Amino acid sequence: MNMNPTSTGPGDRHGFPIGHFGLDSSKTYSVGEHLKSARKRLEDIELALDQTSVVAFTDANGVITYANDKFCELYGYNRTEILGNTHRMFKSGYHSAEFYKSLWDTITRGQIWRGEIKNRAKNGTEYWAFATIVPFLDLTGNPYQYLSIRTDITALKEAEERRIQLVHSEDRIRAAEEAIAIRDQFVSVAAHELKTPLTSLQIRLELLLRDSQHGASIPSDRIMKVAESSLVQTRRLSGLINDMLDVSRISAGKLKLEMSRLDLTLLVRELIAECSEDLRVAECEIAYIGNAPVWGVWDRSRIEQVVINLMTNAMKYGRGKPIEVEVRGDALKATLSVRDYGIGIPEDFMNTLFERFERTEAAEKFKGTGLGLWITKQIVTAHRGEIRVRSRVNEGSTFEVELPSQQSPIV
Ligand code: ADP
């Protein structure tokens, strides 16, 4: 075996660490004795390496000029089949062309390459090796041969792969369990929320029917009242059903945006006008800030949903207090903010606020499912926008939505 050791520590002018060659540094030796000792040392290293590692030499073109017994053994070829060939004969097809390019770039630059490499033996068995490839440079600094020293790490890699697979399958099981838990929670919240308005609707209609069946003349103002409250309940029901449809659509990745150019200022003003009755019932004065048109390309009905969700929450959690709505923008983005002076949101709830079904304790006494903000955030994200909130308990909350004016949506 042909080896040129490199210096590893303090040594003589040849780079050989004298003290390591079994010579007594207090004595004087002839050059011949030095050489003999160095040669012995090299033979020892060669033996140790041959016993422990898979070793090969190639010339500057990558043609194999030496392969030790372990090398032949590992890849199942006899030496004559190997010598004169290149390492290509062991390629497993696992690594990319870039991988080999970067390996060659490193060693042809005269630098040592270290890494894990997967090779295929003659009988098709694949082996992982940790390889160190050392270029040997001539006097002009160009590599004239390469030494590769490998350690078989197949067992280690297989154990690692088994471990990763196990983690992945555990992750999959956990994700499936989570999905089932969310679905169960969804079904129970939905059933509960649908049942309440449905029951009250049913009772009112049954009473009306019973009275009319008994021949009682029903005053028209009572009919009006029942009709009005039935309308409120059916609106709530259809809102809930829409939310549920949205949740399953979004969860299945089927939220499709229909983009069109619109003025956010105008849209928000129209929605405020439409909510005037709800605002009156909630006893909320509304102040609108910003008159200039703010144009952008968005999905009209989805942006309406965002505005309505935020305004509904402001009325619900800030009943009897004023609400401020502002739209501002420039050529790049539009910002909508909805501020209320209601119950506010505790600091420790800020991270879960936009998750499904999450509601603060203080919100428990108000009707709701904990889905509105999750849907709102999904819509804003699909527009490549952002939603933020600032809040203080008992002082109020400000929700701010930022939408890029001209982005293509995430679909
Ligand atoms: P819902 O209002 O149906 O419970 P949301 O998803 O709209 O569901 O809101 C989630 C939770 O966030 C609410 O239950 C409430 O605890 C809190 N929240 C949302 N908006 C406000 C607000 N403007 N003021 C105070 N708390 C709010």
# chains A, B, ... in the order shown; residues from 1 in each chain; ligands from 1
>>> residues_around(residues="Tyr127 in chain A", least_positions_apart="6", cutoff="7 Å", atoms="only C-alpha atoms", output="PyMOL selection string")
chain A and resi 118-120+154
>>> write_last_selection(atoms="all heavy atoms", output="PDB file, in the first residue's frame")
ATOM      1  N   LYS A 118     -23.734   6.016  -0.041  1.00  0.00           N
ATOM      2  CA  LYS A 118     -24.395   4.698  -0.149  1.00  0.00           C
ATOM      3  C   LYS A 118     -23.903   4.015  -1.417  1.00  0.00           C
ATOM      4  O   LYS A 118     -23.982   4.615  -2.502  1.00  0.00           O
ATOM      5  CB  LYS A 118     -25.908   4.910  -0.224  1.00  0.00           C
ATOM      6  CG  LYS A 118     -26.701   3.639  -0.076  1.00  0.00           C
ATOM      7  CD  LYS A 118     -28.170   3.964  -0.205  1.00  0.00           C
ATOM      8  CE  LYS A 118     -29.049   2.899   0.383  1.00  0.00           C
ATOM      9  NZ  LYS A 118     -30.452   3.252   0.315  1.00  0.00           N
ATOM     10  N   ASN A 119     -23.381   2.819  -1.283  1.00  0.00           N
ATOM     11  CA  ASN A 119     -22.858   2.087  -2.440  1.00  0.00           C
ATOM     12  C   ASN A 119     -23.560   0.752  -2.596  1.00  0.00           C
ATOM     13  O   ASN A 119     -24.192   0.272  -1.656  1.00  0.00           O
ATOM     14  CB  ASN A 119     -21.357   1.848  -2.261  1.00  0.00           C
ATOM     15  CG  ASN A 119     -20.561   3.105  -2.608  1.00  0.00           C
ATOM     16  OD1 ASN A 119     -19.639   3.477  -1.910  1.00  0.00           O
ATOM     17  ND2 ASN A 119     -20.946   3.767  -3.689  1.00  0.00           N
ATOM     18  N   ARG A 120     -23.420   0.176  -3.811  1.00  0.00           N
ATOM     19  CA  ARG A 120     -24.053  -1.128  -4.066  1.00  0.00           C
ATOM     20  C   ARG A 120     -22.973  -2.173  -4.322  1.00  0.00           C
ATOM     21  O   ARG A 120     -22.046  -1.942  -5.105  1.00  0.00           O
ATOM     22  CB  ARG A 120     -24.980  -1.010  -5.272  1.00  0.00           C
ATOM     23  CG  ARG A 120     -25.693  -2.319  -5.575  1.00  0.00           C
ATOM     24  CD  ARG A 120     -26.717  -2.155  -6.674  1.00  0.00           C
ATOM     25  NE  ARG A 120     -27.853  -1.359  -6.187  1.00  0.00           N
ATOM     26  CZ  ARG A 120     -28.499  -0.481  -6.934  1.00  0.00           C
ATOM     27  NH1 ARG A 120     -28.119  -0.239  -8.156  1.00  0.00           N
ATOM     28  NH2 ARG A 120     -29.521   0.186  -6.446  1.00  0.00           N
ATOM     29  N   THR A 154     -23.659   0.793   7.785  1.00  0.00           N
ATOM     30  CA  THR A 154     -24.984   0.330   7.331  1.00  0.00           C
ATOM     31  C   THR A 154     -25.913   0.039   8.515  1.00  0.00           C
ATOM     32  O   THR A 154     -27.059   0.514   8.527  1.00  0.00           O
ATOM     33  CB  THR A 154     -24.828  -0.936   6.463  1.00  0.00           C
ATOM     34  OG1 THR A 154     -23.809  -0.673   5.504  1.00  0.00           O
ATOM     35  CG2 THR A 154     -26.110  -1.296   5.765  1.00  0.00           C
TER      36      THR A 154
END
>>> select_by_dssp(residues="range 35-113 of chain A", states="helix (DSSP H, G or I)", output="NGL selection string")
:A and (35-52 or 69-75 or 79-82 or 87-90 or 97-108)
>>> closest_atom_pairs(of="chain A", to="ligand 1", cutoff="8 Å", atoms="only C-alpha atoms and all ligand atoms", output="JSON lines")
{"residue": "A:Asn309", "atom": "CA", "partner": "ligand 1", "partner_atom_place_in_ligand_line": "7 (O)", "distance": 6.5}
{"residue": "A:Leu310", "atom": "CA", "partner": "ligand 1", "partner_atom_place_in_ligand_line": "23 (N)", "distance": 6.9}
{"residue": "A:Met311", "atom": "CA", "partner": "ligand 1", "partner_atom_place_in_ligand_line": "23 (N)", "distance": 8.0}
{"residue": "A:Asn313", "atom": "CA", "partner": "ligand 1", "partner_atom_place_in_ligand_line": "23 (N)", "distance": 4.7}
{"residue": "A:Ala314", "atom": "CA", "partner": "ligand 1", "partner_atom_place_in_ligand_line": "23 (N)", "distance": 4.3}
{"residue": "A:Met315", "atom": "CA", "partner": "ligand 1", "partner_atom_place_in_ligand_line": "23 (N)", "distance": 7.6}
{"residue": "A:Lys316", "atom": "CA", "partner": "ligand 1", "partner_atom_place_in_ligand_line": "23 (N)", "distance": 7.4}
{"residue": "A:Tyr317", "atom": "CA", "partner": "ligand 1", "partner_atom_place_in_ligand_line": "24 (N)", "distance": 4.8}
{"residue": "A:Gly318", "atom": "CA", "partner": "ligand 1", "partner_atom_place_in_ligand_line": "24 (N)", "distance": 6.6}
{"residue": "A:Arg339", "atom": "CA", "partner": "ligand 1", "partner_atom_place_in_ligand_line": "23 (N)", "distance": 7.6}
{"residue": "A:Asp340", "atom": "CA", "partner": "ligand 1", "partner_atom_place_in_ligand_line": "23 (N)", "distance": 6.3}
{"residue": "A:Gly342", "atom": "CA", "partner": "ligand 1", "partner_atom_place_in_ligand_line": "24 (N)", "distance": 6.0}
{"residue": "A:Ile343", "atom": "CA", "partner": "ligand 1", "partner_atom_place_in_ligand_line": "25 (C)", "distance": 5.3}
{"residue": "A:Gly344", "atom": "CA", "partner": "ligand 1", "partner_atom_place_in_ligand_line": "25 (C)", "distance": 4.3}
{"residue": "A:Ile345", "atom": "CA", "partner": "ligand 1", "partner_atom_place_in_ligand_line": "26 (N)", "distance": 5.0}
{"residue": "A:Leu353", "atom": "CA", "partner": "ligand 1", "partner_atom_place_in_ligand_line": "12 (O)", "distance": 5.3}
{"residue": "A:Phe354", "atom": "CA", "partner": "ligand 1", "partner_atom_place_in_ligand_line": "6 (O)", "distance": 6.5}
{"residue": "A:Glu355", "atom": "CA", "partner": "ligand 1", "partner_atom_place_in_ligand_line": "6 (O)", "distance": 7.6}
{"residue": "A:Arg356", "atom": "CA", "partner": "ligand 1", "partner_atom_place_in_ligand_line": "6 (O)", "distance": 7.0}
{"residue": "A:Phe357", "atom": "CA", "partner": "ligand 1", "partner_atom_place_in_ligand_line": "6 (O)", "distance": 6.8}
{"residue": "A:Glu358", "atom": "CA", "partner": "ligand 1", "partner_atom_place_in_ligand_line": "10 (C)", "distance": 5.6}
{"residue": "A:Arg359", "atom": "CA", "partner": "ligand 1", "partner_atom_place_in_ligand_line": "14 (O)", "distance": 3.5}
{"residue": "A:Thr360", "atom": "CA", "partner": "ligand 1", "partner_atom_place_in_ligand_line": "16 (O)", "distance": 3.7}
{"residue": "A:Glu361", "atom": "CA", "partner": "ligand 1", "partner_atom_place_in_ligand_line": "16 (O)", "distance": 6.8}
{"residue": "A:Ala362", "atom": "CA", "partner": "ligand 1", "partner_atom_place_in_ligand_line": "16 (O)", "distance": 6.6}
{"residue": "A:Ala363", "atom": "CA", "partner": "ligand 1", "partner_atom_place_in_ligand_line": "16 (O)", "distance": 4.5}
{"residue": "A:Glu364", "atom": "CA", "partner": "ligand 1", "partner_atom_place_in_ligand_line": "14 (O)", "distance": 7.0}
{"residue": "A:Phe366", "atom": "CA", "partner": "ligand 1", "partner_atom_place_in_ligand_line": "4 (O)", "distance": 7.6}
{"residue": "A:Lys367", "atom": "CA", "partner": "ligand 1", "partner_atom_place_in_ligand_line": "3 (O)", "distance": 6.6}
{"residue": "A:Gly368", "atom": "CA", "partner": "ligand 1", "partner_atom_place_in_ligand_line": "3 (O)", "distance": 3.2}
{"residue": "A:Thr369", "atom": "CA", "partner": "ligand 1", "partner_atom_place_in_ligand_line": "3 (O)", "distance": 3.9}
{"residue": "A:Gly370", "atom": "CA", "partner": "ligand 1", "partner_atom_place_in_ligand_line": "8 (O)", "distance": 3.1}
{"residue": "A:Leu371", "atom": "CA", "partner": "ligand 1", "partner_atom_place_in_ligand_line": "6 (O)", "distance": 4.1}
{"residue": "A:Gly372", "atom": "CA", "partner": "ligand 1", "partner_atom_place_in_ligand_line": "6 (O)", "distance": 3.7}
{"residue": "A:Leu373", "atom": "CA", "partner": "ligand 1", "partner_atom_place_in_ligand_line": "6 (O)", "distance": 3.6}
{"residue": "A:Trp374", "atom": "CA", "partner": "ligand 1", "partner_atom_place_in_ligand_line": "6 (O)", "distance": 5.6}
{"residue": "A:Ile375", "atom": "CA", "partner": "ligand 1", "partner_atom_place_in_ligand_line": "6 (O)", "distance": 7.5}
{"residue": "A:Ser391", "atom": "CA", "partner": "ligand 1", "partner_atom_place_in_ligand_line": "24 (N)", "distance": 7.9}
{"residue": "A:Gly396", "atom": "CA", "partner": "ligand 1", "partner_atom_place_in_ligand_line": "24 (N)", "distance": 6.3}
{"residue": "A:Ser397", "atom": "CA", "partner": "ligand 1", "partner_atom_place_in_ligand_line": "23 (N)", "distance": 5.5}
{"residue": "A:Thr398", "atom": "CA", "partner": "ligand 1", "partner_atom_place_in_ligand_line": "23 (N)", "distance": 7.2}
{"residue": "A:Phe399", "atom": "CA", "partner": "ligand 1", "partner_atom_place_in_ligand_line": "23 (N)", "distance": 7.5}
>>> atom_distance(atom1="CA of Asn394 in chain A", atom2="CA of Val281 in chain A")
21.0 Å
>>> select_by_dssp(residues="range 135-373 of chain A", states="strand (DSSP E or B)", output="VMD selection string")
chain A and resid 135 to 137 143 to 152 259 to 263 286 to 289 295 to 299 323 to 329 333 to 340
>>> closest_residue(among="A:Leu240, A:Ile153, A:Ser220, A:Glu206", to="Val189 in chain A", atoms="only C-alpha atoms")
A:Leu240
>>> residues_around(residues="Pro404 in chain A", least_positions_apart="4", cutoff="7 Å", atoms="only C-alpha atoms", output="mmCIF file with C-alpha atoms, in the first residue's frame")
data_model
loop_
_atom_site.group_PDB
_atom_site.id
_atom_site.type_symbol
_atom_site.label_atom_id
_atom_site.label_comp_id
_atom_site.auth_asym_id
_atom_site.auth_seq_id
_atom_site.Cartn_x
_atom_site.Cartn_y
_atom_site.Cartn_z
ATOM 1 C CA LEU A 332 -49.280 48.144 -1.696
ATOM 2 C CA LYS A 333 -51.635 47.292 1.115
ATOM 3 C CA ALA A 334 -54.921 47.996 2.848
ATOM 4 C CA ARG A 384 -51.540 36.502 1.875
ATOM 5 C CA GLY A 385 -52.549 38.990 4.549
#
>>> atom_distance(atom1="CA of Pro135 in chain A", atom2="CA of Ile107 in chain A")
5.8 Å
>>> closest_residue(among="A:Val31, A:Ala121, A:Ile241, A:Val306", to="Glu73 in chain A", atoms="only C-alpha atoms")
A:Ala121
>>> residues_around(residues="Gln233 in chain A", least_positions_apart="6", cutoff="10 Å", atoms="only C-alpha atoms", output="number ranges by chain")
A: 194, 196-201, 227, 239
>>> residues_around(residues="range 81-93 of chain A", least_positions_apart="4", cutoff="10 Å", atoms="only C-alpha atoms", output="short mmCIF file (atom, residue, chain, number, x, y, z; two decimals) with C-alpha atoms, in the first residue's frame")
data_model
loop_
_atom_site.label_atom_id
_atom_site.label_comp_id
_atom_site.auth_asym_id
_atom_site.auth_seq_id
_atom_site.Cartn_x
_atom_site.Cartn_y
_atom_site.Cartn_z
CA ALA A 56 -8.82 2.28 -1.75
CA PHE A 57 -6.53 4.47 -3.82
CA THR A 58 -7.44 6.00 -7.14
CA ASP A 59 -5.34 7.93 -9.60
CA ASN A 61 -8.81 10.33 -12.97
CA GLY A 62 -10.58 8.27 -10.33
CA VAL A 63 -9.31 4.92 -11.63
CA ILE A 64 -8.87 2.50 -8.73
CA THR A 65 -5.22 1.51 -8.29
CA TYR A 66 -5.45 -0.18 -4.91
CA ALA A 67 -8.22 -1.82 -2.86
CA PHE A 71 -12.87 -3.30 0.33
CA CYS A 72 -13.07 -6.44 -1.85
CA TYR A 75 -18.43 -5.08 -2.19
CA GLY A 76 -18.08 -8.77 -3.12
CA TYR A 77 -15.65 -8.34 -6.04
CA ALA A 97 -25.45 14.30 -9.59
CA ILE A 117 -22.16 7.56 0.95
CA LYS A 118 -24.39 4.70 -0.15
CA ASN A 119 -22.86 2.09 -2.44
CA ARG A 120 -24.05 -1.13 -4.07
CA ALA A 121 -22.15 -4.41 -3.85
CA LYS A 122 -21.85 -6.96 -6.68
CA GLY A 124 -27.01 -5.82 -5.18
CA THR A 125 -26.76 -5.32 -1.41
CA GLU A 126 -26.52 -1.67 -0.50
CA TYR A 127 -24.07 -0.40 2.07
CA TRP A 128 -23.71 2.91 3.81
#
>>> atom_distance(atom1="CA of Gln202 in chain A", atom2="CA of Leu231 in chain A")
12.2 Å
>>> residues_around(residues="Thr151 in chain A", least_positions_apart="6", cutoff="12 Å", atoms="only C-alpha atoms", output="list in words")
Leu49, Asp50, Gln51, Thr52, Ser53, Val54, Val55, Ala56, Lys70, Phe71, Leu74, Arg114, Gly115, Glu116, Ile117, Lys118, Tyr127, Trp128, Ala129, Phe130, Ala131, Thr132 and Ile133 of chain A
>>> write_last_selection(atoms="N, CA, C and O atoms", output="PDB file, in the first residue's frame")
ATOM      1  N   LEU A  49      -4.880   0.309   9.600  1.00  0.00           N
ATOM      2  CA  LEU A  49      -5.920   0.803   8.696  1.00  0.00           C
ATOM      3  C   LEU A  49      -6.569  -0.357   7.945  1.00  0.00           C
ATOM      4  O   LEU A  49      -7.794  -0.444   7.827  1.00  0.00           O
ATOM      5  N   ASP A  50      -5.715  -1.278   7.451  1.00  0.00           N
ATOM      6  CA  ASP A  50      -6.223  -2.428   6.700  1.00  0.00           C
ATOM      7  C   ASP A  50      -7.128  -3.307   7.541  1.00  0.00           C
ATOM      8  O   ASP A  50      -8.084  -3.884   7.046  1.00  0.00           O
ATOM      9  N   GLN A  51      -6.813  -3.389   8.819  1.00  0.00           N
ATOM     10  CA  GLN A  51      -7.603  -4.236   9.711  1.00  0.00           C
ATOM     11  C   GLN A  51      -8.956  -3.605  10.017  1.00  0.00           C
ATOM     12  O   GLN A  51      -9.939  -4.297  10.229  1.00  0.00           O
ATOM     13  N   THR A  52      -8.988  -2.282  10.061  1.00  0.00           N
ATOM     14  CA  THR A  52     -10.199  -1.627  10.570  1.00  0.00           C
ATOM     15  C   THR A  52     -11.056  -0.976   9.487  1.00  0.00           C
ATOM     16  O   THR A  52     -12.247  -0.788   9.688  1.00  0.00           O
ATOM     17  N   SER A  53     -10.437  -0.607   8.371  1.00  0.00           N
ATOM     18  CA  SER A  53     -11.203   0.200   7.418  1.00  0.00           C
ATOM     19  C   SER A  53     -11.187  -0.379   6.016  1.00  0.00           C
ATOM     20  O   SER A  53     -10.385  -1.238   5.684  1.00  0.00           O
ATOM     21  N   VAL A  54     -12.105   0.177   5.230  1.00  0.00           N
ATOM     22  CA  VAL A  54     -12.203  -0.174   3.820  1.00  0.00           C
ATOM     23  C   VAL A  54     -11.380   0.883   3.082  1.00  0.00           C
ATOM     24  O   VAL A  54     -11.717   2.063   3.124  1.00  0.00           O
ATOM     25  N   VAL A  55     -10.298   0.456   2.448  1.00  0.00           N
ATOM     26  CA  VAL A  55      -9.344   1.436   1.916  1.00  0.00           C
ATOM     27  C   VAL A  55      -9.158   1.258   0.415  1.00  0.00           C
ATOM     28  O   VAL A  55      -9.066   0.126  -0.073  1.00  0.00           O
ATOM     29  N   ALA A  56      -9.115   2.362  -0.304  1.00  0.00           N
ATOM     30  CA  ALA A  56      -8.818   2.283  -1.745  1.00  0.00           C
ATOM     31  C   ALA A  56      -8.038   3.528  -2.165  1.00  0.00           C
ATOM     32  O   ALA A  56      -8.192   4.593  -1.558  1.00  0.00           O
ATOM     33  N   LYS A  70     -10.589  -5.677   2.853  1.00  0.00           N
ATOM     34  CA  LYS A  70     -11.908  -5.314   3.404  1.00  0.00           C
ATOM     35  C   LYS A  70     -12.790  -4.710   2.318  1.00  0.00           C
ATOM     36  O   LYS A  70     -13.992  -4.911   2.292  1.00  0.00           O
ATOM     37  N   PHE A  71     -12.145  -3.924   1.427  1.00  0.00           N
ATOM     38  CA  PHE A  71     -12.872  -3.298   0.327  1.00  0.00           C
ATOM     39  C   PHE A  71     -13.472  -4.394  -0.571  1.00  0.00           C
ATOM     40  O   PHE A  71     -14.661  -4.386  -0.883  1.00  0.00           O
ATOM     41  N   LEU A  74     -16.263  -6.292   1.278  1.00  0.00           N
ATOM     42  CA  LEU A  74     -17.516  -5.550   1.466  1.00  0.00           C
ATOM     43  C   LEU A  74     -18.344  -5.531   0.182  1.00  0.00           C
ATOM     44  O   LEU A  74     -19.552  -5.759   0.207  1.00  0.00           O
ATOM     45  N   ARG A 114     -15.393  14.606   3.465  1.00  0.00           N
ATOM     46  CA  ARG A 114     -15.911  13.637   4.436  1.00  0.00           C
ATOM     47  C   ARG A 114     -17.423  13.577   4.297  1.00  0.00           C
ATOM     48  O   ARG A 114     -18.063  14.619   4.132  1.00  0.00           O
ATOM     49  N   GLY A 115     -17.964  12.393   4.348  1.00  0.00           N
ATOM     50  CA  GLY A 115     -19.427  12.308   4.268  1.00  0.00           C
ATOM     51  C   GLY A 115     -19.911  10.880   4.245  1.00  0.00           C
ATOM     52  O   GLY A 115     -19.115   9.937   4.245  1.00  0.00           O
ATOM     53  N   GLU A 116     -21.252  10.781   4.210  1.00  0.00           N
ATOM     54  CA  GLU A 116     -21.860   9.451   4.185  1.00  0.00           C
ATOM     55  C   GLU A 116     -22.228   9.123   2.755  1.00  0.00           C
ATOM     56  O   GLU A 116     -22.775   9.967   2.044  1.00  0.00           O
ATOM     57  N   ILE A 117     -21.929   7.911   2.349  1.00  0.00           N
ATOM     58  CA  ILE A 117     -22.159   7.561   0.951  1.00  0.00           C
ATOM     59  C   ILE A 117     -22.765   6.157   0.886  1.00  0.00           C
ATOM     60  O   ILE A 117     -22.385   5.271   1.660  1.00  0.00           O
ATOM     61  N   LYS A 118     -23.734   6.016  -0.041  1.00  0.00           N
ATOM     62  CA  LYS A 118     -24.395   4.698  -0.149  1.00  0.00           C
ATOM     63  C   LYS A 118     -23.903   4.015  -1.417  1.00  0.00           C
ATOM     64  O   LYS A 118     -23.982   4.615  -2.502  1.00  0.00           O
ATOM     65  N   TYR A 127     -24.794  -0.691   0.839  1.00  0.00           N
ATOM     66  CA  TYR A 127     -24.067  -0.404   2.066  1.00  0.00           C
ATOM     67  C   TYR A 127     -23.909   1.094   2.240  1.00  0.00           C
ATOM     68  O   TYR A 127     -23.671   1.804   1.272  1.00  0.00           O
ATOM     69  N   TRP A 128     -24.024   1.525   3.484  1.00  0.00           N
ATOM     70  CA  TRP A 128     -23.710   2.906   3.814  1.00  0.00           C
ATOM     71  C   TRP A 128     -22.298   2.945   4.389  1.00  0.00           C
ATOM     72  O   TRP A 128     -21.941   2.087   5.210  1.00  0.00           O
ATOM     73  N   ALA A 129     -21.526   3.923   3.965  1.00  0.00           N
ATOM     74  CA  ALA A 129     -20.174   4.048   4.528  1.00  0.00           C
ATOM     75  C   ALA A 129     -19.931   5.493   4.912  1.00  0.00           C
ATOM     76  O   ALA A 129     -20.443   6.419   4.263  1.00  0.00           O
ATOM     77  N   PHE A 130     -19.182   5.659   5.988  1.00  0.00           N
ATOM     78  CA  PHE A 130     -18.693   7.008   6.272  1.00  0.00           C
ATOM     79  C   PHE A 130     -17.326   7.087   5.605  1.00  0.00           C
ATOM     80  O   PHE A 130     -16.437   6.288   5.910  1.00  0.00           O
ATOM     81  N   ALA A 131     -17.189   7.998   4.655  1.00  0.00           N
ATOM     82  CA  ALA A 131     -15.959   8.032   3.865  1.00  0.00           C
ATOM     83  C   ALA A 131     -15.159   9.308   4.106  1.00  0.00           C
ATOM     84  O   ALA A 131     -15.730  10.384   4.290  1.00  0.00           O
ATOM     85  N   THR A 132     -13.835   9.117   4.083  1.00  0.00           N
ATOM     86  CA  THR A 132     -12.939  10.284   4.084  1.00  0.00           C
ATOM     87  C   THR A 132     -12.072  10.128   2.840  1.00  0.00           C
ATOM     88  O   THR A 132     -11.445   9.080   2.656  1.00  0.00           O
ATOM     89  N   ILE A 133     -12.086  11.113   1.993  1.00  0.00           N
ATOM     90  CA  ILE A 133     -11.271  11.025   0.775  1.00  0.00           C
ATOM     91  C   ILE A 133     -10.183  12.105   0.848  1.00  0.00           C
ATOM     92  O   ILE A 133     -10.487  13.299   0.965  1.00  0.00           O
TER      93      ILE A 133
END
>>> closest_residue(among="A:Ile379, A:Ile173, A:Ala292, A:Ile164", to="Arg249 in chain A", atoms="only C-alpha atoms")
A:Ile379
